[in-house]
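This is final_13.pdb. It holds PDB, C-alpha atoms.
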ATOM      1  CA  MET A 300     -70.069  95.735  12.040
ATOM      2  CA  ASN A 301     -71.398  93.294  14.636
ATOM      3  CA  LYS A 302     -74.337  94.369  16.788
ATOM      4  CA  PRO A 303     -73.629  94.449  20.531
ATOM      5  CA  ARG A 304     -74.609  91.310  22.401
ATOM      6  CA  ASP A 305     -77.517  91.522  24.830
ATOM      7  CA  ASP A 306     -75.107  91.413  27.788
ATOM      8  CA  SER A 307     -72.520  93.818  26.382
ATOM      9  CA  PRO A 308     -71.855  97.102  28.261
ATOM     10  CA  ALA A 309     -72.797  99.096  25.146
ATOM     11  CA  TYR A 310     -76.150  97.354  24.834
ATOM     12  CA  LEU A 311     -76.920  97.625  28.551
ATOM     13  CA  GLU A 312     -76.024 101.316  28.602
ATOM     14  CA  LYS A 313     -78.261 101.955  25.606
ATOM     15  CA  LYS A 314     -81.102  99.967  27.168
ATOM     16  CA  ARG A 315     -80.850 101.888  30.429
ATOM     17  CA  PHE A 316     -81.023 105.154  28.516
ATOM     18  CA  PHE A 317     -84.196 104.163  26.690
ATOM     19  CA  ASP A 318     -85.680 102.774  29.911
ATOM     20  CA  SER A 319     -85.166 106.206  31.467
ATOM     21  CA  LEU A 320     -87.302 107.938  28.829
ATOM     22  CA  MET A 321     -90.940 108.849  29.337
ATOM     23  CA  THR A 322     -93.236 109.217  26.333
ATOM     24  CA  VAL A 323     -95.941 111.877  26.619
ATOM     25  CA  TYR A 324     -98.519 112.814  24.014
ATOM     26  CA  GLY A 325    -100.989 115.551  23.144
ATOM     27  CA  ARG A 326    -100.141 119.022  21.848
ATOM     28  CA  LYS A 327    -100.680 121.008  25.054
ATOM     29  CA  THR A 328     -98.979 118.364  27.184
ATOM     30  CA  VAL A 329     -95.890 118.222  24.957
ATOM     31  CA  LEU A 330     -95.732 122.029  24.737
ATOM     32  CA  GLU A 331     -95.868 122.411  28.530
ATOM     33  CA  ALA A 332     -93.181 119.757  28.928
ATOM     34  CA  LEU A 333     -90.871 121.524  26.500
ATOM     35  CA  GLN A 334     -91.435 124.871  28.202
ATOM     36  CA  ASP A 335     -89.973 123.444  31.428
ATOM     37  CA  PRO A 336     -86.241 124.305  31.418
ATOM     38  CA  ALA A 337     -85.405 121.071  33.267
ATOM     39  CA  THR A 338     -86.910 118.813  30.601
ATOM     40  CA  PHE A 339     -84.607 117.107  28.097
ATOM     41  CA  ILE A 340     -86.320 115.881  24.941
ATOM     42  CA  TYR A 341     -84.731 113.058  23.002
ATOM     43  CA  ARG A 342     -87.206 112.733  20.137
ATOM     44  CA  LEU A 343     -90.273 114.574  18.919
ATOM     45  CA  HIS A 344     -92.729 112.411  16.975
ATOM     46  CA  LEU A 345     -95.179 114.105  14.589
ATOM     47  CA  ALA A 346     -97.876 112.770  12.285
ATOM     48  CA  ARG A 347     -97.376 113.600   8.615
ATOM     49  CA  SER A 348    -101.084 114.344   8.429
ATOM     50  CA  ASN A 349    -100.879 117.251  10.912
ATOM     51  CA  LYS A 350    -102.210 120.513   9.508
ATOM     52  CA  SER A 351    -100.315 123.728  10.158
ATOM     53  CA  ALA A 352    -101.004 125.260  13.580
ATOM     54  CA  ASP A 353     -99.333 127.814  15.821
ATOM     55  CA  ILE A 354     -98.994 125.357  18.696
ATOM     56  CA  LEU A 355     -97.203 122.876  16.417
ATOM     57  CA  ASP A 356     -94.818 125.619  15.307
ATOM     58  CA  ASP A 357     -94.073 126.407  18.969
ATOM     59  CA  ILE A 358     -93.497 122.715  19.760
ATOM     60  CA  ILE A 359     -91.136 122.260  16.820
ATOM     61  CA  SER A 360     -89.233 125.448  17.666
ATOM     62  CA  LEU A 361     -88.728 124.421  21.310
ATOM     63  CA  ALA A 362     -87.735 120.888  20.317
ATOM     64  CA  LYS A 363     -85.115 122.205  17.901
ATOM     65  CA  ALA A 364     -83.770 124.589  20.544
ATOM     66  CA  LYS A 365     -83.322 121.618  22.907
ATOM     67  CA  GLY A 366     -81.507 119.625  20.222
ATOM     68  CA  ALA A 367     -84.217 116.999  19.739
ATOM     69  CA  GLU A 368     -84.450 114.632  16.827
ATOM     70  CA  ILE A 369     -87.719 115.266  14.975
ATOM     71  CA  ILE A 370     -89.348 112.326  13.195
ATOM     72  CA  TYR A 371     -92.463 112.327  11.011
ATOM     73  CA  HIS A 372     -94.669 109.223  10.976
ATOM     74  CA  GLU A 373     -97.743 107.894   9.305
ATOM     75  CA  ARG A 374    -100.731 108.219  11.628
ATOM     76  CA  GLN A 375    -100.857 104.513  12.515
ATOM     77  CA  ALA A 376     -97.158 104.420  13.378
ATOM     78  CA  LEU A 377     -97.516 107.445  15.657
ATOM     79  CA  SER A 378    -100.415 105.813  17.489
ATOM     80  CA  ARG A 379     -98.168 102.854  18.278
ATOM     81  CA  ILE A 380     -95.688 105.251  19.881
ATOM     82  CA  SER A 381     -98.239 107.245  21.884
ATOM     83  CA  LYS A 382    -100.382 104.178  22.645
ATOM     84  CA  ASN A 383    -103.394 106.505  22.555
ATOM     85  CA  ALA A 384    -104.486 107.323  19.010
ATOM     86  CA  SER A 385    -107.679 109.034  20.161
ATOM     87  CA  GLN A 386    -105.882 111.641  22.288
ATOM     88  CA  ASP A 387    -102.342 112.122  20.947
ATOM     89  CA  GLN A 388    -103.406 114.854  18.451
ATOM     90  CA  GLY A 389    -100.597 113.800  16.142
ATOM     91  CA  VAL A 390     -97.827 114.616  18.637
ATOM     92  CA  ALA A 391     -95.691 112.561  21.039
ATOM     93  CA  ALA A 392     -92.339 113.189  22.705
ATOM     94  CA  ASP A 393     -89.689 111.015  24.365
ATOM     95  CA  LEU A 394     -88.539 112.918  27.432
ATOM     96  CA  GLN A 395     -85.800 112.445  29.972
ATOM     97  CA  LEU A 396     -86.980 114.170  33.131
ATOM     98  CA  ARG A 397     -84.822 115.616  35.878
ATOM     99  CA  GLY A 398     -86.142 113.312  38.590
ATOM    100  CA  TYR A 399     -87.009 110.282  36.456
ATOM    101  CA  LYS A 400     -84.611 107.384  36.846
ATOM    102  CA  LEU A 401     -84.405 103.653  37.404
ATOM    103  CA  TYR A 402     -84.840 102.620  41.030
ATOM    104  CA  ASP A 403     -81.530 100.733  41.188
ATOM    105  CA  GLU A 404     -79.687 103.918  40.224
ATOM    106  CA  PHE A 405     -81.303 105.707  43.160
ATOM    107  CA  LEU A 406     -80.429 102.798  45.450
ATOM    108  CA  ALA A 407     -76.775 102.851  44.369
ATOM    109  CA  GLU A 408     -76.517 106.637  44.759
ATOM    110  CA  ASN A 409     -78.057 106.760  48.247
ATOM    111  CA  LYS A 410     -76.420 103.858  50.105
ATOM    112  CA  LYS A 411     -75.463 105.884  53.160
ATOM    113  CA  LYS A 412     -78.370 108.334  53.176
ATOM    114  CA  ASN A 413     -81.612 108.442  55.090
ATOM    115  CA  TYR A 414     -84.593 108.899  52.787
ATOM    116  CA  THR A 415     -88.336 108.452  52.509
ATOM    117  CA  LEU A 416     -90.046 106.949  49.472
ATOM    118  CA  LEU A 417     -93.596 106.212  48.405
ATOM    119  CA  ALA A 418     -94.343 103.009  46.485
ATOM    120  CA  LEU A 419     -97.529 102.602  44.467
ATOM    121  CA  ASP A 420     -99.144  99.182  44.395
ATOM    122  CA  GLY A 421    -102.080  99.218  41.983
ATOM    123  CA  VAL A 422    -103.080 102.902  42.081
ATOM    124  CA  GLN A 423    -105.372 103.018  39.046
ATOM    125  CA  ASN A 424    -106.929 106.471  39.004
ATOM    126  CA  PRO A 425    -104.891 108.979  36.940
ATOM    127  CA  GLN A 426    -106.077 111.898  39.057
ATOM    128  CA  ASN A 427    -104.977 110.124  42.226
ATOM    129  CA  LEU A 428    -101.566 109.469  40.687
ATOM    130  CA  GLY A 429    -101.222 113.104  39.657
ATOM    131  CA  MET A 430    -102.144 114.367  43.122
ATOM    132  CA  ILE A 431     -99.774 111.876  44.771
ATOM    133  CA  ILE A 432     -96.960 113.156  42.568
ATOM    134  CA  ARG A 433     -97.835 116.760  43.417
ATOM    135  CA  SER A 434     -97.854 116.116  47.175
ATOM    136  CA  ALA A 435     -94.619 114.115  47.049
ATOM    137  CA  CYS A 436     -92.900 116.822  45.028
ATOM    138  CA  ALA A 437     -94.051 119.536  47.450
ATOM    139  CA  GLY A 438     -93.402 117.575  50.635
ATOM    140  CA  ASN A 439     -90.657 115.537  52.245
ATOM    141  CA  ILE A 440     -90.567 112.608  49.825
ATOM    142  CA  ASP A 441     -87.329 111.665  48.085
ATOM    143  CA  GLY A 442     -88.840 109.406  45.432
ATOM    144  CA  ILE A 443     -91.933 107.582  44.163
ATOM    145  CA  LEU A 444     -91.568 103.952  43.110
ATOM    146  CA  LEU A 445     -93.828 103.681  40.067
ATOM    147  CA  PRO A 446     -94.038 100.190  38.538
ATOM    148  CA  GLN A 447     -94.531  99.951  34.785
ATOM    149  CA  LYS A 448     -97.505  97.606  35.177
ATOM    150  CA  GLY A 449    -100.518  97.586  37.457
ATOM    151  CA  ASN A 450    -100.722 101.335  38.047
ATOM    152  CA  ALA A 451    -101.971 104.317  36.097
ATOM    153  CA  GLN A 452     -99.182 105.605  33.880
ATOM    154  CA  ILE A 453     -98.182 109.137  32.993
ATOM    155  CA  ASP A 454    -100.736 110.648  30.629
ATOM    156  CA  PRO A 455    -102.336 114.096  30.153
ATOM    157  CA  LEU A 456    -104.802 113.486  33.014
ATOM    158  CA  VAL A 457    -101.946 112.667  35.402
ATOM    159  CA  ILE A 458     -99.930 115.664  34.239
ATOM    160  CA  LYS A 459    -102.921 117.974  34.722
ATOM    161  CA  ALA A 460    -103.674 116.607  38.205
ATOM    162  CA  SER A 461    -100.013 117.006  39.159
ATOM    163  CA  ALA A 462    -100.137 120.681  38.123
ATOM    164  CA  GLY A 463     -97.054 120.064  35.984
ATOM    165  CA  THR A 464     -94.937 118.797  38.898
ATOM    166  CA  VAL A 465     -94.502 115.453  37.114
ATOM    167  CA  PHE A 466     -91.807 117.116  35.007
ATOM    168  CA  ARG A 467     -89.610 117.656  38.072
ATOM    169  CA  ALA A 468     -90.866 115.019  40.526
ATOM    170  CA  PRO A 469     -88.541 112.234  41.749
ATOM    171  CA  LEU A 470     -90.080 109.265  39.899
ATOM    172  CA  LEU A 471     -88.291 105.931  40.265
ATOM    173  CA  ARG A 472     -89.124 103.425  37.567
ATOM    174  CA  CYS A 473     -89.329  99.699  38.224
ATOM    175  CA  LYS A 474     -90.808  96.830  36.232
ATOM    176  CA  ASP A 475     -91.923  94.781  39.206
ATOM    177  CA  LEU A 476     -92.708  96.313  42.601
ATOM    178  CA  PRO A 477     -92.105  93.200  44.771
ATOM    179  CA  HIS A 478     -88.678  92.695  43.189
ATOM    180  CA  ALA A 479     -87.750  96.346  43.717
ATOM    181  CA  LEU A 480     -88.937  96.320  47.325
ATOM    182  CA  GLY A 481     -86.878  93.168  47.901
ATOM    183  CA  ASP A 482     -83.774  94.993  46.692
ATOM    184  CA  PHE A 483     -84.467  97.903  49.018
ATOM    185  CA  LYS A 484     -85.011  95.546  51.970
ATOM    186  CA  GLN A 485     -81.666  93.887  51.310
ATOM    187  CA  ALA A 486     -80.108  97.357  51.546
ATOM    188  CA  GLY A 487     -81.608  97.838  55.027
ATOM    189  CA  VAL A 488     -84.634  99.914  54.034
ATOM    190  CA  ILE A 489     -87.805  99.589  56.136
ATOM    191  CA  VAL A 490     -90.871  98.813  54.000
ATOM    192  CA  CYS A 491     -94.285  99.783  55.432
ATOM    193  CA  ALA A 492     -97.771  99.039  54.150
ATOM    194  CA  LEU A 493    -100.557 101.506  54.852
ATOM    195  CA  SER A 494    -103.460  99.492  56.262
ATOM    196  CA  SER A 495    -106.632 100.406  58.147
ATOM    197  CA  HIS A 496    -106.172  97.181  60.164
ATOM    198  CA  ALA A 497    -102.701  98.059  61.488
ATOM    199  CA  SER A 498    -102.112  98.907  65.153
ATOM    200  CA  THR A 499     -99.181 101.331  64.704
ATOM    201  CA  GLU A 500    -100.267 104.898  63.946
ATOM    202  CA  LEU A 501     -98.503 106.958  61.299
ATOM    203  CA  LYS A 502     -97.866 109.905  63.620
ATOM    204  CA  LYS A 503     -96.215 107.598  66.180
ATOM    205  CA  PHE A 504     -94.074 105.721  63.669
ATOM    206  CA  THR A 505     -90.471 106.980  63.703
ATOM    207  CA  PRO A 506     -88.254 104.746  61.558
ATOM    208  CA  ASP A 507     -84.524 104.782  62.326
ATOM    209  CA  ALA A 508     -83.530 103.864  58.764
ATOM    210  CA  PRO A 509     -84.569 104.750  55.212
ATOM    211  CA  CYS A 510     -88.249 103.982  54.785
ATOM    212  CA  ILE A 511     -90.715 103.162  52.004
ATOM    213  CA  TYR A 512     -94.447 103.682  52.529
ATOM    214  CA  VAL A 513     -96.513 101.469  50.210
ATOM    215  CA  LEU A 514     -99.849 102.860  49.028
ATOM    216  CA  GLY A 515    -102.311 100.313  47.690
ATOM    217  CA  ASN A 516    -105.169 100.073  45.221
ATOM    218  CA  GLU A 517    -108.115 102.436  45.709
ATOM    219  CA  SER A 518    -110.535  99.633  46.574
ATOM    220  CA  GLU A 519    -108.422  96.657  47.677
ATOM    221  CA  GLY A 520    -105.438  98.288  49.361
ATOM    222  CA  VAL A 521    -101.935  96.827  49.337
ATOM    223  CA  SER A 522    -101.734  93.436  47.617
ATOM    224  CA  ARG A 523    -101.002  90.280  49.600
ATOM    225  CA  GLU A 524     -97.731  89.700  47.758
ATOM    226  CA  VAL A 525     -96.438  93.140  48.693
ATOM    227  CA  THR A 526     -97.817  92.977  52.244
ATOM    228  CA  LYS A 527     -95.733  89.853  52.874
ATOM    229  CA  LEU A 528     -92.599  91.847  52.035
ATOM    230  CA  CYS A 529     -93.327  94.657  54.477
ATOM    231  CA  ASN A 530     -91.554  95.071  57.812
ATOM    232  CA  GLU A 531     -94.375  97.141  59.273
ATOM    233  CA  GLN A 532     -98.030  97.991  58.792
ATOM    234  CA  ILE A 533     -99.117 101.543  59.535
ATOM    235  CA  CYS A 534    -102.567 103.065  59.983
ATOM    236  CA  ILE A 535    -104.122 106.517  60.042
ATOM    237  CA  PRO A 536    -106.770 106.546  62.809
ATOM    238  CA  MET A 537    -110.290 107.356  61.565
ATOM    239  CA  ASN A 538    -113.120 109.105  63.394
ATOM    240  CA  ASN A 539    -116.901 109.197  62.935
ATOM    241  CA  GLY A 540    -117.119 105.795  61.299
ATOM    242  CA  VAL A 541    -114.954 106.700  58.307
ATOM    243  CA  GLU A 542    -113.203 103.561  57.050
ATOM    244  CA  SER A 543    -110.357 105.041  55.027
ATOM    245  CA  LEU A 544    -108.963 108.064  53.204
ATOM    246  CA  ASN A 545    -108.446 108.630  49.523
ATOM    247  CA  VAL A 546    -104.996 107.316  48.566
ATOM    248  CA  ALA A 547    -103.863 110.765  47.410
ATOM    249  CA  VAL A 548    -104.847 112.286  50.765
ATOM    250  CA  THR A 549    -102.900 109.538  52.535
ATOM    251  CA  ALA A 550     -99.873 110.351  50.391
ATOM    252  CA  ALA A 551    -100.129 114.017  51.370
ATOM    253  CA  LEU A 552    -100.215 113.159  55.083
ATOM    254  CA  ILE A 553     -97.065 111.048  54.690
ATOM    255  CA  ALA A 554     -95.339 113.709  52.594
ATOM    256  CA  PHE A 555     -95.802 116.347  55.302
ATOM    257  CA  LYS A 556     -95.417 114.021  58.306
TER
END
Go ahead and render the structure in this file as structure tokens.
Amino acid sequence: MNKPRDDSPAYLEKKRFFDSLMTVYGRKTVLEALQDPATFIYRLHLARSNKSADILDDIISLAKAKGAEIIYHERQALSRISKNASQDQGVAADLQLRGYKLYDEFLAENKKKNYTLLALDGVQNPQNLGMIIRSACAGNIDGILLPQKGNAQIDPLVIKASAGTVFRAPLLRCKDLPHALGDFKQAGVIVCALSSHASTELKKFTPDAPCIYVLGNESEGVSREVTKLCNEQICIPMNNGVESLNVAVTAALIAFK
């Protein structure tokens, strides 16, 4: 039987499915993910060297109940899957989350809708990412553009800081933020960079179209490449000589604007 070509519908469908998966690791993290009714688990990865433990029994039982494939690996192979041998505790899981999808799927599904997104451009601190996710999930944000490179990625620290909301938050995956923002702009979406040097204040900014607020790196802000793509630059006025806010606090202000 011939393997599908790289441009065949079967191959592309399969690739999109695997691109939509999120791999998490660590026993408590995986257990909490499986306890969320909205979480679909595709595969559970376990180290052959794991010793018997109640938490492992619970993980395996929940994975079986959700119809997951369970695979046992040598320790080195599992570390390649988790990408964190020192913290995976012999457990990793490939999850498909309720709000986790590719950005172009969101764009296609919301052509005639008004929405508000956050885009992360170099947010490195896992706790900041977790708190941004928590605020977006609780507030009036329809999605978070999270590039695969250049930002903190989902790990136990992010999950803890998000208070578990990462398992139901609207996360939109993209490989390259400038390319994704370009696609949104072509669809008529307003792209805004948060900048302390901007003249337009957040509370006075009332976009008349779908809008993306770009949050930049903790120390350097929004990158030049992304800034060039933005239609607007928005500021949050500071008092008492304060130069800027923590990026997670900024996200919360936008989420409840």
* May I ask for the distance between CA of Glu404 in chain A and CA of Leu471 in chain A, given in Å to one decimal place? => 8.8 Å
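Between CA of Cys436 in chain A and CA of Val513 in chain A the separation is 16.6 Å.
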* Structure fact -> Atom pair CA of Thr549 in chain A + CA of Gln423 in chain A, distance 15.2 Å
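Ranking A:Glu368, A:Glu373, A:Asp353, A:Asp420 by their shortest atom-to-atom distance to Glu517 in chain A, with all atoms listed in the file included, puts A:Asp420 first.
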If the PyMOL selection byres ((chain A and resi 320) around 12) were run on this exact file, what residues would it hold? Put them as a compact mmCIF listing (two decimals) with C-alpha atoms, keeping the file's coordinate frame.
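In the end it all went to selection_34.txt:
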# COMPACT_ATOMS: atom_id res chain seq x y z
CA LYS A 313 -78.26 101.96 25.61
CA LYS A 314 -81.10 99.97 27.17
CA ARG A 315 -80.85 101.89 30.43
CA PHE A 316 -81.02 105.15 28.52
CA PHE A 317 -84.20 104.16 26.69
CA ASP A 318 -85.68 102.77 29.91
CA SER A 319 -85.17 106.21 31.47
CA MET A 321 -90.94 108.85 29.34
CA THR A 322 -93.24 109.22 26.33
CA VAL A 323 -95.94 111.88 26.62
CA THR A 338 -86.91 118.81 30.60
CA PHE A 339 -84.61 117.11 28.10
CA ILE A 340 -86.32 115.88 24.94
CA TYR A 341 -84.73 113.06 23.00
CA ARG A 342 -87.21 112.73 20.14
CA ALA A 392 -92.34 113.19 22.70
CA ASP A 393 -89.69 111.02 24.36
CA LEU A 394 -88.54 112.92 27.43
CA GLN A 395 -85.80 112.44 29.97
CA LEU A 396 -86.98 114.17 33.13
CA ARG A 397 -84.82 115.62 35.88
CA GLY A 398 -86.14 113.31 38.59
CA TYR A 399 -87.01 110.28 36.46
CA LYS A 400 -84.61 107.38 36.85
CA LEU A 401 -84.40 103.65 37.40
CA ILE A 453 -98.18 109.14 32.99
CA PHE A 466 -91.81 117.12 35.01
CA LEU A 470 -90.08 109.26 39.90
CA LEU A 471 -88.29 105.93 40.26
CA ARG A 472 -89.12 103.42 37.57
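The set of residues that the PyMOL selection byres ((chain A and resi 514) around 8) takes from this file is A:Leu417, A:Ala418, A:Leu419, A:Asp420, A:Val422, A:Ala492, A:Leu493, A:Tyr512, A:Val513, A:Gly515, A:Asn516, A:Gly520, A:Val521, A:Val546, A:Ala550.
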Please produce a file of the residues just selected, as a CSV table (one decimal), in the coordinates of the input, where the atoms kept are C-alpha atoms.
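The new file result-v1.csv reads:
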chain,number,residue,atom,x,y,z
A,417,LEU,CA,-93.6,106.2,48.4
A,418,ALA,CA,-94.3,103.0,46.5
A,419,LEU,CA,-97.5,102.6,44.5
A,420,ASP,CA,-99.1,99.2,44.4
A,422,VAL,CA,-103.1,102.9,42.1
A,492,ALA,CA,-97.8,99.0,54.2
A,493,LEU,CA,-100.6,101.5,54.9
A,512,TYR,CA,-94.4,103.7,52.5
A,513,VAL,CA,-96.5,101.5,50.2
A,515,GLY,CA,-102.3,100.3,47.7
A,516,ASN,CA,-105.2,100.1,45.2
A,520,GLY,CA,-105.4,98.3,49.4
A,521,VAL,CA,-101.9,96.8,49.3
A,546,VAL,CA,-105.0,107.3,48.6
A,550,ALA,CA,-99.9,110.4,50.4
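Of the residues under consideration (A:Ala362, A:Cys510, A:Ile440, A:Ala346), A:Ala346 shows the shortest atom-to-atom contact distance to Arg379 in chain A when counting all atoms listed in the file.
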* Residue IDs satisfying the PyMOL selection byres ((chain A and resi 405-408) around 9), as a ChimeraX atom specification -> /A:400-404,409-412,442,471,482-483,486
* All residues 8 Å or closer to His496 in chain A, only C-alpha atoms, same chain fewer than 2 positions away omitted, as number ranges by chain -> A: 494, 498, 534
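Here the question is which of A:Asn439, A:Gln386, A:Asp335, A:Lys350 gets nearest to Pro455 in chain A using all atoms listed in the file, and that residue is A:Gln386.
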* Would you kindly return, as a PyMOL selection string, each protein, DNA or RNA residue with an atom no farther than 8 Å from any atom of Ile370 in chain A, considering all atoms listed in the file and excluding same-chain residues fewer than 4 positions away? => chain A and resi 342-345
